[in-house]
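model.cif (mmCIF, C-alpha atoms and all ligand atoms) appears below.
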data_coords
loop_
_atom_site.label_atom_id
_atom_site.label_comp_id
_atom_site.auth_asym_id
_atom_site.auth_seq_id
_atom_site.Cartn_x
_atom_site.Cartn_y
_atom_site.Cartn_z
CA MET A 24 -19.79 29.36 30.49
CA PRO A 25 -21.14 26.84 27.94
CA PRO A 26 -21.32 28.09 24.33
CA ALA A 27 -24.61 29.60 23.14
CA LEU A 28 -27.03 27.40 21.25
CA ILE A 29 -30.10 28.80 19.55
CA GLN A 30 -32.96 26.54 18.53
CA VAL A 31 -34.36 28.19 15.41
CA PHE A 32 -37.11 25.80 14.51
CA GLN A 33 -40.04 25.18 16.79
CA SER A 34 -40.68 21.57 15.97
CA ASN A 35 -44.40 21.41 15.46
CA PRO A 36 -45.30 17.87 16.56
CA ASP A 37 -48.52 17.84 14.49
CA ALA A 38 -46.70 18.82 11.29
CA ILE A 39 -44.03 16.19 11.97
CA ARG A 40 -46.69 13.51 12.58
CA ASP A 41 -48.48 14.49 9.34
CA GLU A 42 -45.24 14.29 7.36
CA LEU A 43 -44.34 10.89 8.82
CA ALA A 44 -47.83 9.41 8.34
CA GLN A 45 -47.90 10.66 4.73
CA GLY A 46 -44.54 8.98 4.11
CA LEU A 47 -45.72 5.67 5.57
CA LEU A 48 -48.94 5.75 3.57
CA ALA A 49 -47.28 6.62 0.23
CA SER A 50 -47.35 4.02 -2.57
CA VAL A 51 -43.56 3.76 -2.12
CA PRO A 52 -43.25 4.26 1.66
CA CYS A 53 -40.45 6.65 2.61
CA ILE A 54 -39.16 8.59 5.61
CA ALA A 55 -36.65 11.48 5.25
CA PRO A 56 -33.08 10.66 6.38
CA LYS A 57 -33.08 13.51 8.90
CA TYR A 58 -35.16 11.23 11.15
CA LEU A 59 -32.17 8.88 11.44
CA TYR A 60 -30.66 11.44 13.83
CA ASP A 61 -32.06 11.31 17.33
CA PRO A 62 -29.54 11.22 20.22
CA LEU A 63 -28.89 7.48 19.73
CA GLY A 64 -28.82 7.83 15.92
CA SER A 65 -26.09 10.50 16.21
CA LYS A 66 -24.02 8.19 18.43
CA LEU A 67 -24.53 5.28 16.03
CA PHE A 68 -23.37 7.48 13.16
CA GLU A 69 -20.20 8.25 15.13
CA ALA A 70 -19.67 4.48 15.49
CA ILE A 71 -20.20 4.02 11.72
CA CYS A 72 -17.33 6.45 11.14
CA GLU A 73 -15.03 4.01 12.99
CA LEU A 74 -15.93 0.99 10.84
CA PRO A 75 -13.29 -0.48 8.55
CA GLU A 76 -15.77 -0.55 5.65
CA TYR A 77 -16.89 3.07 6.07
CA TYR A 78 -14.15 4.86 4.13
CA PRO A 79 -15.79 8.34 3.67
CA THR A 80 -15.00 9.83 7.09
CA ARG A 81 -11.37 8.77 7.30
CA THR A 82 -10.72 9.52 3.61
CA GLU A 83 -12.19 13.01 3.90
CA ALA A 84 -10.28 13.65 7.14
CA ALA A 85 -7.04 12.58 5.45
CA ILE A 86 -7.73 14.92 2.50
CA LEU A 87 -8.33 17.80 4.94
CA ASP A 88 -5.10 16.99 6.83
CA ALA A 89 -2.98 16.65 3.71
CA ASN A 90 -4.22 19.88 2.13
CA LEU A 91 -4.79 22.11 5.12
CA ALA A 92 -2.43 24.85 3.95
CA ALA A 93 -3.92 24.96 0.44
CA ILE A 94 -7.47 24.93 1.87
CA ALA A 95 -6.58 27.81 4.20
CA GLU A 96 -5.09 29.70 1.29
CA ALA A 97 -8.27 29.22 -0.77
CA ALA A 98 -10.73 29.93 2.06
CA GLY A 99 -8.74 32.54 4.00
CA GLU A 100 -8.48 33.20 7.73
CA GLY A 101 -11.04 34.93 9.93
CA THR A 102 -14.17 33.57 8.26
CA THR A 103 -17.60 32.97 9.73
CA LEU A 104 -17.41 29.17 9.57
CA ILE A 105 -20.90 27.67 9.26
CA ASP A 106 -20.78 23.88 9.70
CA LEU A 107 -23.89 22.28 8.19
CA GLY A 108 -24.85 19.02 9.92
CA ALA A 109 -21.92 19.46 12.30
CA GLY A 110 -22.51 16.26 14.30
CA ASN A 111 -19.56 15.91 16.69
CA CYS A 112 -17.82 18.95 15.08
CA ALA A 113 -14.62 16.87 14.70
CA LYS A 114 -13.92 17.85 11.10
CA ALA A 115 -14.29 21.58 11.72
CA ALA A 116 -11.99 21.27 14.73
CA LYS A 117 -9.29 19.98 12.36
CA LEU A 118 -9.60 23.20 10.37
CA PHE A 119 -9.45 25.64 13.30
CA PRO A 120 -5.65 25.94 13.62
CA ALA A 121 -5.28 26.79 9.91
CA LEU A 122 -8.50 28.77 9.31
CA ARG A 123 -8.72 30.61 12.65
CA PRO A 124 -12.42 31.38 12.14
CA ARG A 125 -13.80 34.61 13.54
CA GLN A 126 -17.01 32.82 14.49
CA TYR A 127 -17.83 29.10 14.41
CA VAL A 128 -21.49 28.24 13.81
CA PRO A 129 -22.28 24.51 13.99
CA VAL A 130 -25.77 23.75 12.70
CA ASP A 131 -27.62 20.50 13.36
CA ILE A 132 -31.07 19.00 13.79
CA SER A 133 -29.80 16.70 16.57
CA ILE A 134 -29.58 19.40 19.20
CA GLU A 135 -28.70 17.49 22.37
CA PHE A 136 -25.81 15.75 20.62
CA LEU A 137 -24.61 19.10 19.24
CA ARG A 138 -24.77 20.69 22.70
CA GLU A 139 -22.45 18.02 24.15
CA ALA A 140 -20.05 18.30 21.22
CA MET A 141 -19.91 22.10 21.53
CA ASP A 142 -19.27 22.04 25.28
CA ALA A 143 -16.19 19.89 24.72
CA LEU A 144 -15.05 21.94 21.71
CA GLN A 145 -15.32 25.30 23.47
CA LYS A 146 -13.05 23.96 26.24
CA ARG A 147 -10.47 22.94 23.63
CA PHE A 148 -10.73 26.28 21.77
CA PRO A 149 -11.71 28.93 24.32
CA GLY A 150 -10.59 31.76 21.99
CA ILE A 151 -13.08 31.00 19.21
CA ALA A 152 -16.56 32.53 19.40
CA MET A 153 -19.13 29.76 18.94
CA LEU A 154 -22.84 29.88 18.29
CA GLY A 155 -24.71 26.61 17.83
CA VAL A 156 -27.90 26.57 15.76
CA GLY A 157 -30.54 23.86 16.11
CA VAL A 158 -32.45 23.85 12.85
CA ASP A 159 -33.79 21.52 10.18
CA PHE A 160 -32.24 23.00 7.06
CA SER A 161 -33.82 20.57 4.61
CA ASN A 162 -36.65 22.96 3.77
CA ALA A 163 -34.89 26.30 4.22
CA LEU A 164 -31.69 27.41 5.87
CA VAL A 165 -32.73 29.92 8.53
CA LEU A 166 -29.81 31.48 10.41
CA PRO A 167 -30.30 33.76 13.43
CA GLN A 168 -29.13 37.35 13.12
CA GLN A 169 -26.27 36.71 15.57
CA VAL A 170 -24.51 34.83 12.79
CA ALA A 171 -22.02 37.28 11.28
CA ARG A 172 -22.77 38.21 7.69
CA GLU A 173 -19.21 38.87 6.60
CA ARG A 174 -16.96 36.29 5.00
CA ARG A 175 -19.28 33.35 5.41
CA LEU A 176 -17.66 30.00 4.68
CA PHE A 177 -20.20 27.19 4.54
CA PHE A 178 -18.62 23.86 5.52
CA TYR A 179 -20.66 20.88 4.35
CA PRO A 180 -18.58 17.73 4.89
CA GLY A 181 -19.40 14.03 5.01
CA SER A 182 -20.97 13.96 1.53
CA SER A 183 -24.28 14.90 3.15
CA ILE A 184 -25.05 16.75 -0.13
CA GLY A 185 -25.59 13.23 -1.52
CA ASN A 186 -28.81 12.93 0.51
CA PHE A 187 -30.43 15.35 -1.95
CA THR A 188 -31.27 14.41 -5.55
CA PRO A 189 -28.96 16.32 -7.95
CA GLU A 190 -31.76 18.83 -8.71
CA GLN A 191 -32.47 19.36 -4.99
CA ALA A 192 -28.73 19.69 -4.43
CA VAL A 193 -28.51 22.57 -6.92
CA ALA A 194 -31.41 24.31 -5.16
CA PHE A 195 -29.82 23.81 -1.73
CA LEU A 196 -26.39 25.01 -2.92
CA HIS A 197 -28.10 27.98 -4.52
CA SER A 198 -29.64 28.85 -1.14
CA LEU A 199 -26.13 28.71 0.40
CA ARG A 200 -24.90 30.99 -2.38
CA ALA A 201 -27.71 33.41 -1.51
CA ALA A 202 -26.76 33.24 2.20
CA CYS A 203 -23.19 34.29 1.32
CA THR A 204 -24.20 37.86 1.97
CA SER A 205 -20.94 39.35 0.76
CA ALA A 206 -18.91 38.54 -2.36
CA ASP A 207 -16.13 37.05 -0.23
CA GLY A 208 -18.31 34.11 0.83
CA GLY A 209 -17.53 30.53 -0.09
CA LEU A 210 -18.19 26.85 0.34
CA LEU A 211 -15.98 23.98 1.50
CA ILE A 212 -17.74 20.74 0.70
CA GLY A 213 -16.99 17.00 0.86
CA VAL A 214 -18.31 14.79 -1.94
CA ASP A 215 -18.22 11.02 -2.28
CA LEU A 216 -17.13 9.90 -5.75
CA VAL A 217 -18.40 7.06 -7.96
CA LYS A 218 -16.46 3.85 -7.35
CA ASP A 219 -16.73 0.03 -7.38
CA LYS A 220 -20.08 -1.32 -6.27
CA ASP A 221 -18.42 -3.79 -3.87
CA VAL A 222 -16.75 -0.98 -1.91
CA LEU A 223 -19.96 1.04 -1.76
CA ASP A 224 -22.17 -1.92 -0.81
CA ALA A 225 -19.86 -2.84 2.08
CA ALA A 226 -19.68 0.76 3.34
CA TYR A 227 -23.46 0.91 3.78
CA ASP A 228 -24.03 -2.69 4.94
CA ASP A 229 -21.10 -3.40 7.27
CA SER A 230 -20.29 -6.81 8.69
CA LEU A 231 -20.73 -5.70 12.32
CA GLY A 232 -24.26 -4.48 11.66
CA VAL A 233 -23.77 -0.92 12.94
CA THR A 234 -25.35 0.64 9.84
CA ALA A 235 -28.24 -1.80 10.27
CA ALA A 236 -28.69 -0.59 13.87
CA PHE A 237 -28.49 3.06 12.70
CA ASN A 238 -31.20 2.44 10.10
CA LEU A 239 -33.43 0.37 12.43
CA ASN A 240 -33.15 3.01 15.15
CA LEU A 241 -35.25 5.23 12.88
CA LEU A 242 -38.20 3.00 13.77
CA LEU A 243 -37.68 3.67 17.49
CA HIS A 244 -37.61 7.38 16.65
CA LEU A 245 -40.89 6.97 14.72
CA ASN A 246 -42.45 5.10 17.64
CA ARG A 247 -41.75 8.15 19.81
CA LEU A 248 -42.65 10.87 17.28
CA LEU A 249 -45.75 9.19 15.87
CA GLY A 250 -46.85 6.94 18.72
CA ALA A 251 -46.31 3.99 16.36
CA ASP A 252 -45.84 0.33 17.31
CA PHE A 253 -42.96 -0.76 15.06
CA ASN A 254 -41.32 -3.92 16.38
CA LEU A 255 -37.67 -3.81 15.30
CA ARG A 256 -37.46 -7.60 15.11
CA ASP A 257 -39.94 -7.51 12.21
CA TRP A 258 -37.62 -5.40 10.03
CA LYS A 259 -34.24 -5.75 8.40
CA HIS A 260 -31.75 -3.27 7.00
CA ARG A 261 -31.05 -3.08 3.27
CA GLY A 262 -28.21 -0.89 1.99
CA PHE A 263 -26.83 -1.18 -1.57
CA TYR A 264 -25.49 0.80 -4.52
CA ASN A 265 -27.97 1.41 -7.33
CA GLU A 266 -25.61 1.86 -10.29
CA THR A 267 -28.28 3.13 -12.68
CA GLN A 268 -29.14 6.00 -10.34
CA SER A 269 -25.58 6.46 -9.07
CA ARG A 270 -26.78 6.34 -5.50
CA ILE A 271 -26.69 4.29 -2.34
CA GLU A 272 -30.18 3.39 -1.18
CA MET A 273 -31.09 2.43 2.36
CA HIS A 274 -34.38 0.72 3.10
CA LEU A 275 -36.08 -1.10 5.95
CA GLU A 276 -37.68 -4.33 4.76
CA ALA A 277 -40.54 -6.18 6.44
CA ARG A 278 -39.49 -9.72 7.45
CA ARG A 279 -43.13 -10.89 7.41
CA SER A 280 -46.57 -9.54 6.51
CA LEU A 281 -47.63 -7.19 9.30
CA THR A 282 -49.63 -4.10 10.21
CA VAL A 283 -48.12 -1.03 11.85
CA ARG A 284 -50.45 1.21 13.85
CA TRP A 285 -49.99 4.78 15.06
CA GLN A 286 -52.17 7.50 16.55
CA GLY A 287 -54.78 8.11 13.83
CA GLY A 288 -53.56 5.62 11.23
CA GLN A 289 -52.22 2.27 10.20
CA ARG A 290 -50.60 0.51 7.25
CA SER A 291 -50.15 -3.10 6.31
CA PHE A 292 -46.85 -4.23 4.79
CA LYS A 293 -46.36 -7.48 2.85
CA GLU A 294 -43.29 -9.59 3.56
CA GLY A 295 -40.39 -8.01 1.62
CA GLU A 296 -42.05 -4.59 1.32
CA ARG A 297 -39.73 -1.69 2.08
CA ILE A 298 -39.60 1.76 3.61
CA HIS A 299 -37.05 3.94 1.78
CA THR A 300 -34.98 5.80 4.40
CA GLU A 301 -31.97 7.35 2.64
CA ASN A 302 -30.28 8.05 -0.67
CA SER A 303 -26.63 8.96 -0.96
CA TYR A 304 -25.76 10.11 -4.48
CA LYS A 305 -22.22 9.57 -5.75
CA TYR A 306 -20.69 11.99 -8.26
CA THR A 307 -17.86 12.24 -10.74
CA LYS A 308 -15.61 15.23 -10.23
CA ALA A 309 -16.80 16.89 -13.46
CA ALA A 310 -20.50 16.36 -12.67
CA PHE A 311 -20.14 17.88 -9.20
CA VAL A 312 -18.15 20.91 -10.36
CA ALA A 313 -20.88 21.53 -12.98
CA LEU A 314 -23.47 21.37 -10.18
CA LEU A 315 -21.54 23.96 -8.12
CA GLU A 316 -21.37 26.26 -11.13
CA ARG A 317 -25.10 25.94 -11.79
CA ALA A 318 -25.66 27.00 -8.17
CA GLY A 319 -23.64 30.21 -8.55
CA PHE A 320 -20.26 29.12 -7.25
CA GLY A 321 -16.99 29.33 -9.20
CA ASN A 322 -13.19 29.25 -9.01
CA VAL A 323 -13.51 25.68 -7.79
CA ARG A 324 -10.45 24.02 -6.29
CA ALA A 325 -10.65 20.28 -5.64
CA TRP A 326 -8.55 17.85 -3.61
CA THR A 327 -8.88 14.08 -3.67
CA ASP A 328 -7.18 11.03 -2.17
CA GLU A 329 -4.86 8.67 -4.07
CA ARG A 330 -7.67 6.26 -4.94
CA GLN A 331 -9.96 9.11 -6.07
CA TRP A 332 -12.66 7.86 -3.71
CA PHE A 333 -13.59 11.18 -2.15
CA MET A 334 -13.23 14.86 -3.02
CA VAL A 335 -13.12 18.08 -1.02
CA CYS A 336 -13.90 21.27 -2.98
CA HIS A 337 -13.57 24.93 -2.17
CA ALA A 338 -15.73 27.20 -4.31
CA GLN A 339 -16.22 30.95 -4.21
CA ALA A 340 -19.54 32.73 -4.31
CA ILE A 341 -19.37 34.58 -7.63
C1 LIG B 401 -23.80 12.09 7.83
S1 LIG B 401 -23.82 13.02 9.33
C2 LIG B 401 -22.34 14.01 9.11
C3 LIG B 401 -21.75 14.52 10.41
C4 LIG B 401 -20.42 15.28 10.26
N1 LIG B 401 -20.63 16.55 9.56
C5 LIG B 401 -19.42 14.45 9.50
O1 LIG B 401 -19.11 14.79 8.37
O2 LIG B 401 -18.93 13.46 10.07
C6 LIG B 401 -25.11 14.18 9.01
C7 LIG B 401 -25.32 15.22 10.10
O3 LIG B 401 -26.27 16.17 9.62
C8 LIG B 401 -27.33 16.33 10.56
N2 LIG B 401 -28.56 16.53 9.77
C9 LIG B 401 -29.16 15.63 8.95
N3 LIG B 401 -30.23 16.18 8.36
C10 LIG B 401 -30.32 17.46 8.82
C11 LIG B 401 -31.23 18.53 8.58
N4 LIG B 401 -32.26 18.39 7.74
N5 LIG B 401 -31.03 19.71 9.21
C12 LIG B 401 -29.98 19.86 10.08
N6 LIG B 401 -29.08 18.86 10.33
C13 LIG B 401 -29.24 17.69 9.72
C14 LIG B 401 -27.35 15.04 11.36
O4 LIG B 401 -27.92 15.21 12.65
C15 LIG B 401 -25.87 14.67 11.39
O5 LIG B 401 -25.21 15.24 12.47
#
Could you rewrite the structure in this file as structure tokens?
Amino acid sequence: MPPALIQVFQSNPDAIRDELAQGLLASVPCIAPKYLYDPLGSKLFEAICELPEYYPTRTEAAILDANLAAIAEAAGEGTTLIDLGAGNCAKAAKLFPALRPRQYVPVDISIEFLREAMDALQKRFPGIAMLGVGVDFSNALVLPQQVARERRLFFYPGSSIGNFTPEQAVAFLHSLRAACTSADGGLLIGVDLVKDKDVLDAAYDDSLGVTAAFNLNLLLHLNRLLGADFNLRDWKHRGFYNETQSRIEMHLEARRSLTVRWQGGQRSFKEGERIHTENSYKYTKAAFVALLERAGFGNVRAWTDERQWFMVCHAQAI
């Protein structure tokens, strides 16, 4: 039998269209990064993880491998492992042999991709109870009551926390702290660290153009969700490190002056004008530990790689 998957949010197409139109009409046009993930976007992200320039996935995976015993000691066995933005669930699967979760709960907005990943995972690990949750957790994390309340371990890898501003990140982590319904709850989180601009620029603007395709695919998603008429050939990918803000920025830039139309609206863009599609904040170890503590977590243990490019932290709900 395939593993259970519950779709928590009822995507209200009108609300989504309003949000997208508002973003396109804003003085600085922007679309939330969650819209990068339709079925093709999720596959393109998997391809990004294979790129030589994209160090985060392989560096984080190596940190998990090298410190599995210490992570298991900090987090304990038999937890309710809640994987936020699980994607292909590959990182959680690495943890299973050491953590032996009592229940595995992958959560993702990209539901069809999650369903396929879970089907394969349940075959590999038939003894682990799995419950997939399709939800957009950017506004509020809503978990169905079938998710066990005891010993919740939130797993938030891939430095996805960097998509929030630091203030939003504290609020989100605080909501995870609140969802640790017992004092034995915790968080295992991957965080990308500040490093040379050249390394960061290359990671988000690779030579093969896969990140460009991932970013441009958002326009195809908008065409479907909003009934818009974006022509991908009119747009180019921009991805670079903004050192002042300590963040990667991704944008889509108009190659020429043009007008985009959708059901009920339109906007003209000048040549060079951009739509902001993603931020990815980079932290120092000290700044991120301080953020965890502000959010109500403590007893932080941190593991990094030799180059100090990436960090995995375990923190207890205190
Ligand atoms: C950068 S990928 C990370 C995937 C995987 N956890 C990893 O570390 O390789 C972000 C994942 O989070 C999901 N996601 C993004 N925004 C989301 C949201 N607001 N609610 C739920 N899932 C979201 C995406 O569909 C995607 O699978």
Which is closer to Ile151 in chain A than all the others in A:Leu245, A:Ile132, A:Leu104, A:Cys336, using only C-alpha atoms? A:Leu104
If you count all atoms listed in the file, the residue of A:Ile29, A:Val214, A:Cys53, A:Leu231 closest to Pro75 in chain A turns out to be A:Leu231
Per residue of chain A within 7 Å of ligand LIG 401 (chain B), what are the shortest atom pair and its distance in Å to one decimal, counting only C-alpha atoms and all ligand atoms, with rows by chain and residue number, as a tab-separated table?
residue	atom	partner	partner_atom	distance
A:Pro56	CA	B:LIG401	N3	6.5
A:Lys57	CA	B:LIG401	N3	3.9
A:Tyr60	CA	B:LIG401	O4	4.8
A:Ser65	CA	B:LIG401	O5	6.1
A:Phe68	CA	B:LIG401	S1	6.8
A:Thr80	CA	B:LIG401	O2	6.1
A:Leu107	CA	B:LIG401	N6	6.6
A:Gly108	CA	B:LIG401	O3	3.2
A:Ala109	CA	B:LIG401	N1	4.2
A:Gly110	CA	B:LIG401	O5	3.4
A:Asn111	CA	B:LIG401	C4	6.5
A:Cys112	CA	B:LIG401	C4	6.6
A:Lys114	CA	B:LIG401	O1	6.6
A:Val130	CA	B:LIG401	C12	6.3
A:Asp131	CA	B:LIG401	N6	3.7
A:Ile132	CA	B:LIG401	C12	4.0
A:Ser133	CA	B:LIG401	O4	4.6
A:Val158	CA	B:LIG401	C12	5.4
A:Asp159	CA	B:LIG401	N5	3.4
A:Phe160	CA	B:LIG401	N5	4.1
A:Ser161	CA	B:LIG401	N4	4.1
A:Tyr179	CA	B:LIG401	N1	6.8
A:Pro180	CA	B:LIG401	O1	4.6
A:Gly181	CA	B:LIG401	O1	3.5
A:Ser183	CA	B:LIG401	C1	5.5
Counting only C-alpha atoms, what is within 8 Å of Phe292 in chain A, bar same-chain residues fewer than 3 positions away, as a list in words? Ala277, Ser280, Leu281, Thr282, Val283 and Glu296 of chain A
List the spatial neighbours of range 88-100 of chain A as an NGL selection string - criterion: any atom at most 6 Å away, all atoms listed in the file, same-chain residues fewer than 5 positions off excluded. :A and (121-123)
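Excluding Val128 in chain A and any residue on its chain fewer than 5 positions from it, the residues at most 7 Å away by only C-alpha atoms are Leu104, Ile105, Asp106, Met153, Leu154, Gly155 and Val156 of chain A.
With all atoms listed in the file as the basis for measurement, A:Ala226 is the residue among A:Ala251, A:Val165, A:Leu74, A:Ala226 that approaches Phe263 in chain A most closely.
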